[in-house]
Every structure is written in structure tokens, then in C-alpha cells.
$ cat coords_3.cif   # mmCIF, C-alpha atoms
data_start
loop_
_atom_site.label_atom_id
_atom_site.label_comp_id
_atom_site.auth_asym_id
_atom_site.auth_seq_id
_atom_site.Cartn_x
_atom_site.Cartn_y
_atom_site.Cartn_z
CA LEU S 1119 87.89 91.64 90.58
CA LEU S 1120 87.92 92.48 86.91
CA ALA S 1121 85.97 90.75 84.19
CA LYS S 1122 86.13 91.52 80.50
CA LYS S 1123 84.66 89.80 77.48
CA ASP S 1124 87.08 89.00 74.69
CA SER S 1125 87.37 86.66 71.76
CA VAL S 1126 90.62 85.11 72.96
CA LYS S 1127 91.18 81.38 73.22
CA LYS S 1128 90.97 79.95 76.69
CA LYS S 1129 94.36 78.29 76.69
CA ALA S 1130 97.44 80.51 76.64
CA LYS S 1131 100.61 79.09 75.17
CA ALA S 1132 103.69 79.99 77.17
CA PRO S 1133 106.68 81.30 75.19
CA ALA S 1134 109.94 79.41 75.18
CA VAL S 1135 111.74 79.87 78.48
CA ARG S 1136 115.21 81.37 78.40
CA LYS S 1137 116.98 80.25 81.52
CA SER S 1138 119.93 78.15 82.51
CA PRO S 1139 119.56 75.17 84.85
CA CYS S 1140 119.04 76.20 88.46
CA LYS S 1141 120.53 74.58 91.47
CA PRO S 1142 118.02 72.83 93.77
CA GLY S 1143 115.89 75.15 95.86
CA ILE S 1144 116.02 78.12 93.47
CA THR S 1145 113.39 79.14 90.94
CA CYS S 1146 115.47 80.76 88.23
CA ILE S 1147 114.73 84.14 86.72
CA GLU S 1148 113.74 83.83 83.07
CA ASP S 1149 115.46 86.39 80.86
CA TYR S 1150 113.64 87.48 77.71
CA SER S 1151 115.89 90.41 76.85
CA ASP S 1152 117.77 90.46 73.56
CA ASN S 1153 121.19 90.09 75.20
CA HIS S 1154 120.00 87.89 78.11
CA HIS S 1155 121.26 90.50 80.59
CA ALA S 1156 117.92 91.98 81.69
CA LEU S 1157 119.08 92.73 85.25
CA ASN S 1158 122.60 93.95 84.53
CA LYS S 1159 121.81 97.65 85.10
CA PHE S 1160 120.79 96.72 88.63
CA PHE S 1161 123.80 94.46 89.16
CA ARG S 1162 126.20 97.20 88.03
CA ALA S 1163 124.59 99.67 90.44
CA LEU S 1164 125.00 97.23 93.34
CA ARG S 1165 128.77 97.49 93.04
CA GLY S 1166 128.55 101.09 94.27
CA SER S 1167 125.96 100.58 97.02
CA ARG S 1168 128.48 101.33 99.80
CA ARG S 1169 129.10 104.78 98.31
CA ARG S 1170 125.68 105.85 97.03
CA PRO S 1171 122.01 104.83 97.34
CA VAL S 1172 120.60 102.16 95.02
CA LYS S 1173 116.82 102.39 94.62
CA VAL S 1174 114.35 99.57 93.93
CA ALA S 1175 110.66 100.21 93.10
CA PHE S 1176 108.37 97.30 94.02
CA PHE S 1177 104.88 97.71 92.52
CA GLY S 1178 102.10 95.34 93.54
CA ASP S 1179 98.61 94.78 94.88
CA SER S 1180 97.38 93.68 98.32
CA PHE S 1181 99.69 90.65 98.16
CA ILE S 1182 102.59 92.94 99.20
CA GLU S 1183 100.74 95.61 101.19
CA GLY S 1184 101.82 96.27 104.76
CA ASP S 1185 105.39 95.33 103.77
CA ILE S 1186 104.48 91.68 104.35
CA LEU S 1187 106.83 90.54 101.59
CA CYS S 1188 108.91 93.65 100.95
CA ALA S 1189 110.18 93.93 104.54
CA SER S 1190 112.15 90.70 104.47
CA PHE S 1191 113.24 91.30 100.87
CA ARG S 1192 114.53 94.75 101.87
CA ASP S 1193 116.23 93.43 105.01
CA THR S 1194 118.06 90.74 103.05
CA LEU S 1195 119.38 93.19 100.49
CA GLN S 1196 120.36 95.77 103.11
CA GLN S 1197 122.30 93.19 105.09
CA LEU S 1198 124.31 92.43 101.95
CA PHE S 1199 124.61 95.85 100.34
CA GLY S 1200 124.05 98.35 103.17
CA GLY S 1201 121.25 100.79 103.79
CA ASN S 1202 119.15 102.07 106.66
CA GLY S 1203 115.52 102.99 106.09
CA VAL S 1204 112.25 101.67 104.70
CA GLY S 1205 112.26 103.92 101.65
CA TYR S 1206 108.96 105.30 100.39
CA VAL S 1207 106.01 105.72 102.76
CA PRO S 1208 102.66 107.29 101.77
CA ILE S 1209 101.01 110.14 103.68
CA THR S 1210 97.81 108.20 104.38
CA SER S 1211 97.45 104.43 104.37
CA GLU S 1212 94.90 101.66 104.86
CA VAL S 1213 97.47 99.36 106.47
CA THR S 1214 98.87 101.44 109.33
CA GLN S 1215 97.52 98.95 111.88
CA PHE S 1216 99.51 95.99 110.62
CA ARG S 1217 102.56 97.40 108.84
CA ALA S 1218 105.36 96.50 111.26
CA THR S 1219 108.26 98.33 109.56
CA ILE S 1220 107.07 101.84 110.42
CA THR S 1221 104.51 103.37 112.79
CA HIS S 1222 102.33 105.89 111.01
CA SER S 1223 99.45 108.22 111.97
CA PHE S 1224 97.80 111.07 110.07
CA SER S 1225 94.86 113.50 110.03
CA GLY S 1226 93.57 116.30 107.82
CA TRP S 1227 94.26 114.84 104.36
CA LYS S 1228 92.33 114.04 101.19
CA THR S 1229 93.58 111.01 99.30
CA PHE S 1230 93.24 110.49 95.54
CA TRP S 1231 94.35 107.28 93.85
CA ILE S 1232 94.14 105.43 90.57
CA VAL S 1233 91.61 102.79 91.69
CA GLY S 1234 89.61 105.09 93.98
CA ASP S 1235 88.75 108.79 94.18
CA LYS S 1236 90.29 110.84 91.36
CA SER S 1237 90.67 114.53 90.62
CA PRO S 1238 92.16 116.36 87.62
CA PHE S 1239 93.70 118.75 90.14
CA ALA S 1240 95.48 115.93 91.97
CA PRO S 1241 97.23 113.77 89.34
CA PRO S 1242 98.68 110.50 90.64
CA GLY S 1243 102.37 110.25 91.36
CA LEU S 1244 104.61 107.23 90.91
CA SER S 1245 102.89 105.39 93.77
CA GLY S 1246 99.49 105.93 92.12
CA TYR S 1247 98.47 108.29 94.93
CA CYS S 1248 98.22 112.04 95.46
CA PHE S 1249 97.69 113.50 98.95
CA VAL S 1250 96.11 116.93 99.37
CA PRO S 1251 96.56 118.64 102.76
CA GLN S 1252 93.63 120.29 104.52
CA ASP S 1253 93.73 122.93 107.25
CA GLY S 1254 95.16 121.39 110.41
CA ASN S 1255 96.86 118.53 108.54
CA GLU S 1256 99.44 116.39 110.30
CA VAL S 1257 101.35 113.18 109.68
CA GLU S 1258 103.71 111.45 112.10
CA TYR S 1259 106.17 108.58 111.61
CA LYS S 1260 108.04 106.45 114.14
CA PRO S 1261 110.33 103.45 113.61
CA GLY S 1262 108.37 100.22 113.44
CA ARG S 1263 108.42 97.16 115.64
CA ARG S 1264 110.39 95.17 113.07
CA ARG S 1265 112.98 97.85 112.47
CA ALA S 1266 115.29 98.80 115.33
CA GLY S 1267 117.21 102.05 115.01
CA LYS S 1268 116.43 105.67 114.46
CA PHE S 1269 115.65 107.70 111.35
CA ARG S 1270 118.57 109.12 109.36
CA LYS S 1271 117.26 111.21 106.45
CA LEU S 1272 113.81 112.14 105.14
CA LYS S 1273 112.72 113.24 101.68
CA LEU S 1274 109.36 114.89 101.01
CA PHE S 1275 107.98 114.84 97.44
CA TYR S 1276 105.58 117.64 96.51
CA VAL S 1277 104.21 120.08 93.94
CA SER S 1278 103.69 123.63 95.22
CA PRO S 1279 102.46 126.11 92.57
CA LEU S 1280 101.99 128.78 95.28
CA PRO S 1281 104.27 129.71 98.21
CA SER S 1282 104.02 127.17 101.04
CA SER S 1283 106.14 125.78 103.84
CA LEU S 1284 106.91 122.67 105.83
CA HIS S 1285 106.86 122.64 109.61
CA TYR S 1286 108.45 119.54 111.12
CA THR S 1287 109.17 118.35 114.63
CA LEU S 1288 111.76 115.79 115.70
CA ASN S 1289 111.23 113.74 118.86
CA ASP S 1290 108.32 116.03 119.87
CA THR S 1291 110.84 118.66 121.00
CA LEU S 1292 112.86 120.20 118.14
CA SER S 1293 110.78 122.18 115.63
CA PHE S 1294 111.86 123.61 112.28
CA ASP S 1295 110.33 125.54 109.40
CA ARG S 1296 111.43 125.66 105.79
CA SER S 1297 109.95 127.16 102.65
CA LEU S 1298 109.03 124.85 99.82
CA LYS S 1299 110.16 125.68 96.30
CA THR S 1300 107.37 127.19 94.23
CA SER S 1301 106.95 125.17 91.05
CA ASP S 1302 104.38 123.41 88.86
CA THR S 1303 106.63 120.34 88.64
CA LEU S 1304 107.62 117.72 91.18
CA GLN S 1305 110.15 118.83 93.80
CA GLN S 1306 111.76 117.29 96.83
CA THR S 1307 112.97 118.72 100.09
CA VAL S 1308 115.50 116.73 102.10
CA PHE S 1309 116.43 117.10 105.74
CA SER S 1310 118.40 115.18 108.31
CA CYS S 1311 116.48 113.49 111.09
CA ARG S 1312 119.45 111.58 112.48
CA ASP S 1313 118.86 110.11 115.93
CA ALA S 1314 115.13 110.89 115.71
CA ASN S 1315 112.60 108.40 117.07
CA ALA S 1316 109.67 110.46 115.75
CA VAL S 1317 109.08 112.87 112.87
CA LYS S 1318 105.92 114.96 112.65
CA LEU S 1319 105.05 117.02 109.55
CA HIS S 1320 102.61 119.87 108.92
CA LEU S 1321 102.15 121.63 105.55
CA GLY S 1322 100.67 125.01 104.77
CA PRO S 1323 99.15 127.12 103.33
CA VAL S 1324 97.24 124.33 101.65
CA ASP S 1325 96.05 126.09 98.46
CA SER S 1326 97.20 124.12 95.38
CA LEU S 1327 99.70 122.09 97.43
CA LYS S 1328 100.01 118.41 96.50
CA ILE S 1329 102.11 115.87 98.42
CA TYR S 1330 103.34 112.58 96.96
CA GLY S 1331 104.84 110.86 99.99
CA VAL S 1332 108.10 110.67 101.91
CA SER S 1333 111.18 108.46 101.84
CA PHE S 1334 113.29 107.32 104.79
CA GLU S 1335 116.83 106.50 103.76
CA ASP S 1336 120.52 107.25 104.27
CA GLU S 1337 123.50 108.39 102.22
CA ALA S 1338 124.28 104.92 100.80
CA GLY S 1339 122.92 101.38 100.62
CA ILE S 1340 119.91 99.81 98.98
CA TYR S 1341 116.28 100.91 99.41
CA VAL S 1342 113.11 99.07 98.40
CA ASP S 1343 110.10 101.34 97.88
CA ASN S 1344 106.83 99.47 98.45
CA PHE S 1345 104.24 100.84 95.99
CA SER S 1346 101.39 98.52 96.92
CA MET S 1347 97.80 99.32 96.08
CA ARG S 1348 94.84 97.19 97.06
CA GLY S 1349 92.64 96.26 94.10
CA ASN S 1350 95.15 97.30 91.43
CA SER S 1351 95.53 94.97 88.44
CA GLY S 1352 98.64 96.80 87.24
CA MET S 1353 96.74 98.36 84.36
CA GLY S 1354 95.98 101.35 86.57
CA LEU S 1355 99.63 102.39 86.33
CA GLY S 1356 98.81 103.51 82.81
CA GLN S 1357 97.01 106.50 84.35
CA ILE S 1358 100.31 107.95 85.58
CA GLU S 1359 101.52 110.57 83.13
CA PRO S 1360 104.96 110.01 81.54
CA ARG S 1361 106.06 113.38 82.88
CA GLN S 1362 105.37 112.19 86.44
CA LEU S 1363 107.38 109.03 85.83
CA ARG S 1364 110.35 111.01 84.55
CA GLU S 1365 110.20 113.52 87.37
CA PHE S 1366 110.19 110.87 90.07
CA ASN S 1367 113.05 109.06 88.39
CA ARG S 1368 114.99 112.32 88.28
CA PHE S 1369 115.10 112.23 92.08
CA GLN S 1370 115.07 108.48 92.72
CA ASN S 1371 117.08 107.05 89.81
CA TYR S 1372 115.64 103.55 90.16
CA LYS S 1373 117.92 100.70 89.14
CA LEU S 1374 115.39 97.88 89.53
CA ILE S 1375 111.62 97.92 89.04
CA LEU S 1376 109.51 94.91 90.05
CA PHE S 1377 105.87 94.36 89.09
CA GLN S 1378 103.70 91.89 91.05
CA TYR S 1379 100.11 91.71 89.79
CA GLY S 1380 97.45 89.35 88.48
CA LEU S 1381 95.35 88.45 91.52
CA ASN S 1382 92.82 91.20 90.83
CA VAL S 1383 92.18 89.88 87.33
CA VAL S 1384 91.84 86.13 87.95
CA ASN S 1385 88.52 84.79 89.19
CA GLU S 1386 86.67 81.49 89.33
CA SER S 1387 84.34 81.98 86.38
CA ASP S 1388 86.52 83.76 83.81
CA SER S 1389 86.93 81.45 80.82
CA ILE S 1390 88.06 83.69 77.98
CA GLY S 1391 91.82 83.92 78.46
CA TYR S 1392 93.96 86.95 79.12
CA ASP S 1393 95.22 88.25 75.79
CA TRP S 1394 93.39 91.51 76.50
CA TYR S 1395 95.36 91.81 79.76
CA VAL S 1396 98.61 91.07 77.93
CA ASN S 1397 97.92 93.91 75.49
CA LYS S 1398 97.22 96.44 78.23
CA MET S 1399 100.13 95.46 80.48
CA VAL S 1400 102.59 95.47 77.59
CA LYS S 1401 101.68 99.14 77.03
CA VAL S 1402 102.18 99.89 80.75
CA ILE S 1403 105.57 98.21 80.98
CA LYS S 1404 106.81 99.70 77.72
CA ARG S 1405 105.92 103.13 79.08
CA PHE S 1406 107.98 102.40 82.18
CA LYS S 1407 110.88 101.15 80.05
CA GLU S 1408 110.81 104.36 78.04
CA ASN S 1409 110.71 106.65 81.07
CA PHE S 1410 113.09 104.64 83.28
CA PRO S 1411 115.82 103.89 80.71
CA GLU S 1412 118.47 103.04 83.34
CA SER S 1413 116.27 100.57 85.21
CA SER S 1414 116.23 96.80 85.02
CA ILE S 1415 112.66 95.42 85.06
CA LEU S 1416 111.46 92.14 86.58
CA LEU S 1417 107.88 90.93 86.21
CA ILE S 1418 106.79 88.61 89.02
CA GLY S 1419 104.23 86.03 87.99
CA VAL S 1420 100.92 85.56 89.78
CA SER S 1421 100.94 83.66 93.07
CA ASP S 1422 98.89 80.55 93.74
CA ARG S 1423 95.31 81.21 94.83
CA SER S 1424 92.75 78.62 95.94
CA TYR S 1425 88.96 78.40 95.83
CA ASN S 1426 86.41 76.01 97.27
CA GLN S 1427 85.55 73.32 94.75
CA ASN S 1428 82.94 70.88 96.06
CA GLY S 1429 84.09 71.37 99.65
CA LYS S 1430 87.81 71.18 98.92
CA PHE S 1431 90.24 74.07 98.38
CA VAL S 1432 92.26 73.75 95.18
CA THR S 1433 94.19 76.03 92.84
CA MET S 1434 92.03 78.19 90.58
CA PRO S 1435 92.49 76.85 87.04
CA ASN S 1436 92.86 80.36 85.64
CA ILE S 1437 95.96 80.99 87.76
CA LEU S 1438 97.95 78.96 85.23
CA LEU S 1439 96.45 80.92 82.35
CA MET S 1440 97.45 84.18 84.02
CA ARG S 1441 100.98 82.93 84.65
CA ASN S 1442 101.39 82.05 80.98
CA ALA S 1443 99.94 85.43 79.99
CA GLN S 1444 102.48 87.18 82.20
CA ARG S 1445 105.29 85.20 80.60
CA GLU S 1446 104.02 86.48 77.27
CA ILE S 1447 104.10 90.05 78.64
CA ALA S 1448 107.75 89.57 79.65
CA LYS S 1449 108.57 88.14 76.23
CA GLN S 1450 106.96 91.02 74.33
CA CYS S 1451 108.57 93.62 76.58
CA LYS S 1452 111.95 91.83 76.55
CA ILE S 1453 112.32 91.89 80.32
CA ALA S 1454 112.94 89.36 83.11
CA PHE S 1455 110.25 87.11 84.59
CA TRP S 1456 110.12 85.21 87.89
CA ASP S 1457 107.60 82.40 88.34
CA LEU S 1458 106.16 83.03 91.80
CA PHE S 1459 103.64 80.20 91.38
CA ALA S 1460 106.50 77.72 90.94
CA ALA S 1461 108.53 79.30 93.75
CA MET S 1462 105.59 78.76 96.13
CA GLY S 1463 105.53 75.07 95.23
CA GLY S 1464 103.15 74.99 92.27
CA LYS S 1465 99.64 73.59 92.24
CA ASN S 1466 97.82 73.66 95.60
CA SER S 1467 100.81 75.25 97.32
CA MET S 1468 98.53 77.90 98.82
CA VAL S 1469 96.54 75.17 100.56
CA LYS S 1470 99.72 73.83 102.10
CA MET S 1471 100.82 77.29 103.20
CA VAL S 1472 97.49 77.91 104.95
CA ALA S 1473 97.77 74.56 106.75
CA ALA S 1474 101.40 75.05 107.83
CA THR S 1475 102.44 75.67 111.43
CA PRO S 1476 102.85 78.58 111.86
CA PRO S 1477 100.49 79.47 109.01
CA LEU S 1478 102.29 80.88 105.98
CA ALA S 1479 99.11 82.23 104.38
CA ALA S 1480 95.75 83.60 105.48
CA LYS S 1481 92.53 81.64 105.42
CA ASP S 1482 91.31 83.64 102.45
CA TYR S 1483 93.69 81.38 100.47
CA THR S 1484 95.05 84.46 98.70
CA HIS S 1485 97.34 86.49 100.97
CA LEU S 1486 100.51 85.71 102.91
CA THR S 1487 101.19 85.99 106.61
CA TYR S 1488 104.46 87.57 107.77
CA TRP S 1489 105.97 84.09 108.02
CA GLY S 1490 104.92 83.36 104.46
CA GLY S 1491 106.19 86.74 103.32
CA ARG S 1492 109.57 85.97 104.83
CA ARG S 1493 109.75 82.66 102.96
CA ILE S 1494 108.77 84.10 99.58
CA ALA S 1495 111.06 87.13 100.04
CA LYS S 1496 114.00 84.81 100.63
CA ARG S 1497 113.23 82.85 97.48
CA LEU S 1498 112.95 86.04 95.44
CA ALA S 1499 116.22 87.39 96.86
CA ASP S 1500 117.92 84.02 96.27
CA ALA S 1501 116.81 84.04 92.63
CA ILE S 1502 118.11 87.58 92.04
CA LEU S 1503 121.42 86.91 93.81
CA TYR S 1504 121.87 83.65 91.91
CA GLU S 1505 121.33 85.55 88.66
CA GLN S 1506 123.93 88.10 89.79
CA VAL S 1507 126.51 85.38 90.44
CA LYS S 1508 125.82 83.79 87.05
CA ASN S 1509 126.55 87.14 85.38
CA VAL S 1510 129.83 87.90 87.15
CA PRO S 1511 132.07 86.94 84.19
CA GLU S 1512 129.97 89.00 81.78
CA ARG S 1513 130.01 91.99 84.11
CA LYS S 1514 133.80 91.90 84.44
CA ASN S 1515 134.19 91.94 80.66
CA SER S 1516 131.42 94.42 79.87
CA HIS S 1517 133.74 97.41 79.33
#

$ encode --input "coords_3.cif" --output "C-alpha cells"
Amino acid sequence: LLAKKDSVKKKAKAPAVRKSPCKPGITCIEDYSDNHHALNKFFRALRGSRRRPVKVAFFGDSFIEGDILCASFRDTLQQLFGGNGVGYVPITSEVTQFRATITHSFSGWKTFWIVGDKSPFAPPGLSGYCFVPQDGNEVEYKPGRRRAGKFRKLKLFYVSPLPSSLHYTLNDTLSFDRSLKTSDTLQQTVFSCRDANAVKLHLGPVDSLKIYGVSFEDEAGIYVDNFSMRGNSGMGLGQIEPRQLREFNRFQNYKLILFQYGLNVVNESDSIGYDWYVNKMVKVIKRFKENFPESSILLIGVSDRSYNQNGKFVTMPNILLMRNAQREIAKQCKIAFWDLFAAMGGKNSMVKMVAATPPLAAKDYTHLTYWGGRRIAKRLADAILYEQVKNVPERKNSH
């Protein structure tokens, strides 16, 4: 957890909320854009989802790792707008044992990331990671327990300054080789893996080769890329060079970017407020706005988190300060904001989720279970879809 001394007042004043009345059961999205149409770029793209892919980038910390929340969010959107595939998957991962949407194994890789090991020769990509192959490297993917069906199409993102090649095997039987384009900038290679229940990759020669992950998708539909990183406060995204952001967007063309952070900043003893965090995150989000000009951006407020106070678990007081600080970030950046704390049920909702049957949250009083992830994903999807319906008249007349 982060701690930083500042001269900021303890209490953060929330900006005026721009939102229309919500129907019962929905926590409305708050729109701080100048024209009050912060998500319209995404909504316009959805109209063509049956003809072309629509990409969503979901950035967050351990609250969304393992696809605990993103899986149900993705499934809901794909049922409505089409799509087959889990989108982005890293080369190595800390959560392979409990991510249920894809089965993943790997060996022979060095991993560099923005809150861990770093190297000037392995700059972070959009996910915050860079994967460097070693001799004998291998990575294999299989469809997960939660996702019936076979793979359709795979993209590999890489930088290869020297000649190198990809060797891949489908279903442990069909093997193929292809040369990778030699370039100092980000490239992608795309191949069909239709009807495959397993895809195994090997890269070489390894000199100067850098890999930035893969994406499982199809020719059309919606895809939610889970860019989770344990321990990230969101500020670490500022380490990603603008050139990297632009190059990834050149291939992915994201129409919606979501940011979910805050838990790695809030702690029990911090009493100085979060204006310093507002200043840093405003710079991060403005950089993303500049380099993803065709993307709608939604900032998700901090979730409830409980701590033991005199033998009883209650909401950390600073959670409310962080939520107000994040509203201020949305206001300064003129983007959309969704109050996750309110959507969970407000004060002490985490305690209730831990006590539920089946449990909706873990006994660390911080993270969700899959059941809890399903509930929160539905509420997030409901809020976005409700906002879409509200904007139908404006969209029809926006020519």
C-alpha cells in the first residue's frame, strides 16, 4: 500500500454530480464531459458490432484479476452484441491457477512490469508488462472451464528488431512456422486457430525479441481485455510511453476504456487526503485521452473495503475520501464516473458480501469471489446499458 505525506485537507469535497434520476436497482453513470455524452463513441461503435470487432480495455488492480469481474461483464456484452473470445491474455501470469476463462501454462520467460522488475530494454506495453523469451520458451493456452467452445483467431503482439519466427502448434498435432516482421516498433501477427482446443507457441531466436501478449477473438463482436495488475494504484500507467499507447491503439482501436483503482492507495492510518493522487491520476488519464482520441473513458470508483475496528469489521473511513477524490479526477478529465461503492450497497456492504451465502467476497474484506464478481459485473453492465438507452434520441440525431 502507498503512503505519501502532503499538505492536503483531510476532507475531500465531491464535485456536483451530473446525472439524471435512475430507476430503482441501477447506480447511474455520472457524466462530467462538456456535452454530457462521455460514452457516445462507445455507443456508436456498438451499432456495428455484428460486422466488426469492438474493443474494450479494462484496467484495474487485484480486484479484477483472474477475470473475477471481467468474465461476467464480458459474457453479458457478448450475449447482446456478439463476440467469441476472452480478448487479451498475458504470456506469464500470477493467476493461472484460478482464472476460469482460459487455461494457461508457460515456461522459459522473463517478465518485466511497472510495479515489479523493470528494464530499459523491455519497455512496458499497454498492459504494463513486457515478456522476454529465453531459450526453450513455451506458452500454451486452452479454453477455460467457464468458456465452452474452441478458439477462433489469435493475435500475437511483439517487437522484433532482429529476424525471428513463431512456431505454433494447434491441438498438439498441426505445427506451423511463420517469420515475424523485423521492426523496432510494435507489430502483430494474426492467424486462424478455428476449431482448436489448444494453442502452443514458441518464439526464436530470442535476441532482442519482446512479446506483449496475445488476444483471442473473432471477426466481429465485442471483446473486453482484462489489464489487471496486482499492487497497481493506477499511477504506474504513467510509465507507459505515449508511443506504446498509440501503437497498441493502432491495432486494437479501443472504443471504451475503464479504470478501476484506489484500493492500493487507501489504508487505515492515512489521514492527509488524496489531492496528490488526484493530480497524478489526472495526468495519467489525460495522457490516455490524448493517445486514444476515439475512446470513451469511464472511471470506476473505489470499492468498499473493511478493517477490524475494536473487534468489528467496518468500512475504512478513507474509502469515502478516495471515492470523492476519484469523482474529482473524473470532473477534471471531463469523463464518466461510476460509483462502485454505492453499487455495492454503500457503507459496510463488504461486510454483508462476506457474510452472504454463498459468499460474495473473500474474508480479507477486500476482494470479490466469483459470485460477487458476477453481481458487480451485472450492475456495471446495467448502468452502461441504461446510459445507452437514455442516449438513443441523441444518437439518432447526431448527424

$ residues_around --input "coords_3.cif" --residues "Asp1302 in chain S" --least-positions-apart "3" --cutoff "8 Å" --atoms "all atoms listed in the file" --output "PyMOL selection string"
chain S and resi 1277-1279

$ atom_distance --input "coords_3.cif" --atom1 "CA of Gly1178 in chain S" --atom2 "CA of Tyr1379 in chain S"
5.6 Å

$ resolve_selection --input "coords_3.cif" --expression "the PyMOL selection byres ((chain S and resi 1345) around 7)" --output "list in words"
Phe1176, Phe1177, Gly1178, Ser1245, Asp1343, Asn1344, Ser1346 and Met1347 of chain S

$ closest_residue --input "coords_3.cif" --among "S:Asn1466, S:Asn1255, S:Asn1202, S:Gln1197" --to "Ser1333 in chain S" --atoms "all atoms listed in the file"
S:Asn1202

$ closest_residue --input "coords_3.cif" --among "S:Cys1188, S:Arg1348, S:Lys1268, S:Ile1182" --to "Glu1212 in chain S" --atoms "all atoms listed in the file"
S:Arg1348

$ resolve_selection --input "coords_3.cif" --expression "the PyMOL selection byres ((chain S and resi 1329) around 9)" --output "list in words"
Ile1209, Cys1248, Phe1249, Val1250, Pro1251, Leu1274, Phe1275, Tyr1276, Val1277, Ser1278, Leu1327, Lys1328, Tyr1330, Gly1331 and Val1332 of chain S

$ resolve_selection --input "coords_3.cif" --expression "the PyMOL selection byres ((chain S and resi 1490) around 8)" --output "list in words"
Leu1187, Met1471, Pro1477, Leu1478, Ala1479, Leu1486, Thr1487, Tyr1488, Trp1489, Gly1491, Arg1492, Arg1493 and Ile1494 of chain S

$ residues_around --input "coords_3.cif" --residues "range 1428-1437 of chain S" --least-positions-apart "5" --cutoff "8 Å" --atoms "only C-alpha atoms" --output "PDB file with C-alpha atoms, keeping the file's coordinate frame"
ATOM      1  CA  VAL S1384      91.840  86.130  87.950  1.00  0.00           C
ATOM      2  CA  ASN S1385      88.520  84.790  89.190  1.00  0.00           C
ATOM      3  CA  GLU S1386      86.670  81.490  89.330  1.00  0.00           C
ATOM      4  CA  ASP S1388      86.520  83.760  83.810  1.00  0.00           C
ATOM      5  CA  SER S1389      86.930  81.450  80.820  1.00  0.00           C
ATOM      6  CA  VAL S1420     100.920  85.560  89.780  1.00  0.00           C
ATOM      7  CA  SER S1421     100.940  83.660  93.070  1.00  0.00           C
ATOM      8  CA  ASP S1422      98.890  80.550  93.740  1.00  0.00           C
ATOM      9  CA  ARG S1423      95.310  81.210  94.830  1.00  0.00           C
ATOM     10  CA  LYS S1465      99.640  73.590  92.240  1.00  0.00           C
ATOM     11  CA  ASN S1466      97.820  73.660  95.600  1.00  0.00           C
ATOM     12  CA  MET S1468      98.530  77.900  98.820  1.00  0.00           C
ATOM     13  CA  VAL S1469      96.540  75.170 100.560  1.00  0.00           C
TER      14      VAL S1469
END

$ atom_distance --input "coords_3.cif" --atom1 "CA of Met1440 in chain S" --atom2 "CA of Gly1356 in chain S"
19.4 Å

$ closest_residue --input "coords_3.cif" --among "S:Leu1321, S:Ala1460, S:Ala1175, S:Ala1448" --to "Gln1252 in chain S" --atoms "only C-alpha atoms"
S:Leu1321

$ closest_residue --input "coords_3.cif" --among "S:Pro1261, S:Gly1203, S:Pro1242, S:Gly1349" --to "Thr1221 in chain S" --atoms "all atoms listed in the file"
S:Pro1261

$ decode --input "coords_3.cif" --residues "range 1156-1174 of chain S" --atoms "N, CA and C atoms" --output "tab-separated table (two decimals), in the first residue's frame"
chain	number	residue	atom	x	y	z
S	1156	ALA	N	-20.32	11.37	-22.64
S	1156	ALA	CA	-18.97	10.82	-22.45
S	1156	ALA	C	-18.79	9.45	-23.07
S	1157	LEU	N	-19.87	8.65	-23.16
S	1157	LEU	CA	-19.75	7.28	-23.65
S	1157	LEU	C	-20.27	7.11	-25.08
S	1158	ASN	N	-20.55	8.20	-25.77
S	1158	ASN	CA	-21.18	8.07	-27.08
S	1158	ASN	C	-20.29	7.44	-28.15
S	1159	LYS	N	-18.97	7.61	-28.04
S	1159	LYS	CA	-18.08	6.95	-29.01
S	1159	LYS	C	-18.22	5.44	-28.91
S	1160	PHE	N	-18.35	4.94	-27.69
S	1160	PHE	CA	-18.57	3.52	-27.48
S	1160	PHE	C	-19.94	3.10	-27.99
S	1161	PHE	N	-20.96	3.87	-27.68
S	1161	PHE	CA	-22.32	3.51	-28.10
S	1161	PHE	C	-22.45	3.49	-29.62
S	1162	ARG	N	-21.79	4.43	-30.30
S	1162	ARG	CA	-21.83	4.42	-31.77
S	1162	ARG	C	-21.16	3.17	-32.32
S	1163	ALA	N	-20.03	2.78	-31.71
S	1163	ALA	CA	-19.32	1.59	-32.18
S	1163	ALA	C	-20.16	0.33	-32.00
S	1164	LEU	N	-20.96	0.27	-30.94
S	1164	LEU	CA	-21.77	-0.92	-30.68
S	1164	LEU	C	-22.74	-1.21	-31.80
S	1165	ARG	N	-23.16	-0.18	-32.53
S	1165	ARG	CA	-24.12	-0.39	-33.61
S	1165	ARG	C	-23.53	-1.24	-34.74
S	1166	GLY	N	-22.21	-1.32	-34.82
S	1166	GLY	CA	-21.58	-2.12	-35.87
S	1166	GLY	C	-20.93	-3.38	-35.36
S	1167	SER	N	-21.28	-3.81	-34.13
S	1167	SER	CA	-20.57	-4.94	-33.51
S	1167	SER	C	-20.83	-6.27	-34.22
S	1168	ARG	N	-21.90	-6.37	-35.01
S	1168	ARG	CA	-22.16	-7.62	-35.74
S	1168	ARG	C	-21.36	-7.70	-37.02
S	1169	ARG	N	-20.69	-6.61	-37.38
S	1169	ARG	CA	-19.91	-6.57	-38.62
S	1169	ARG	C	-18.41	-6.47	-38.35
S	1170	ARG	N	-18.03	-5.92	-37.20
S	1170	ARG	CA	-16.61	-5.69	-36.92
S	1170	ARG	C	-16.39	-5.78	-35.40
S	1171	PRO	N	-15.15	-6.03	-34.99
S	1171	PRO	CA	-14.89	-6.12	-33.54
S	1171	PRO	C	-14.94	-4.76	-32.87
S	1172	VAL	N	-15.46	-4.75	-31.63
S	1172	VAL	CA	-15.48	-3.56	-30.78
S	1172	VAL	C	-14.67	-3.90	-29.54
S	1173	LYS	N	-13.62	-3.12	-29.27
S	1173	LYS	CA	-12.68	-3.46	-28.21
S	1173	LYS	C	-12.89	-2.57	-26.97
S	1174	VAL	N	-12.81	-3.22	-25.81
S	1174	VAL	CA	-12.90	-2.56	-24.52
S	1174	VAL	C	-11.64	-2.89	-23.73
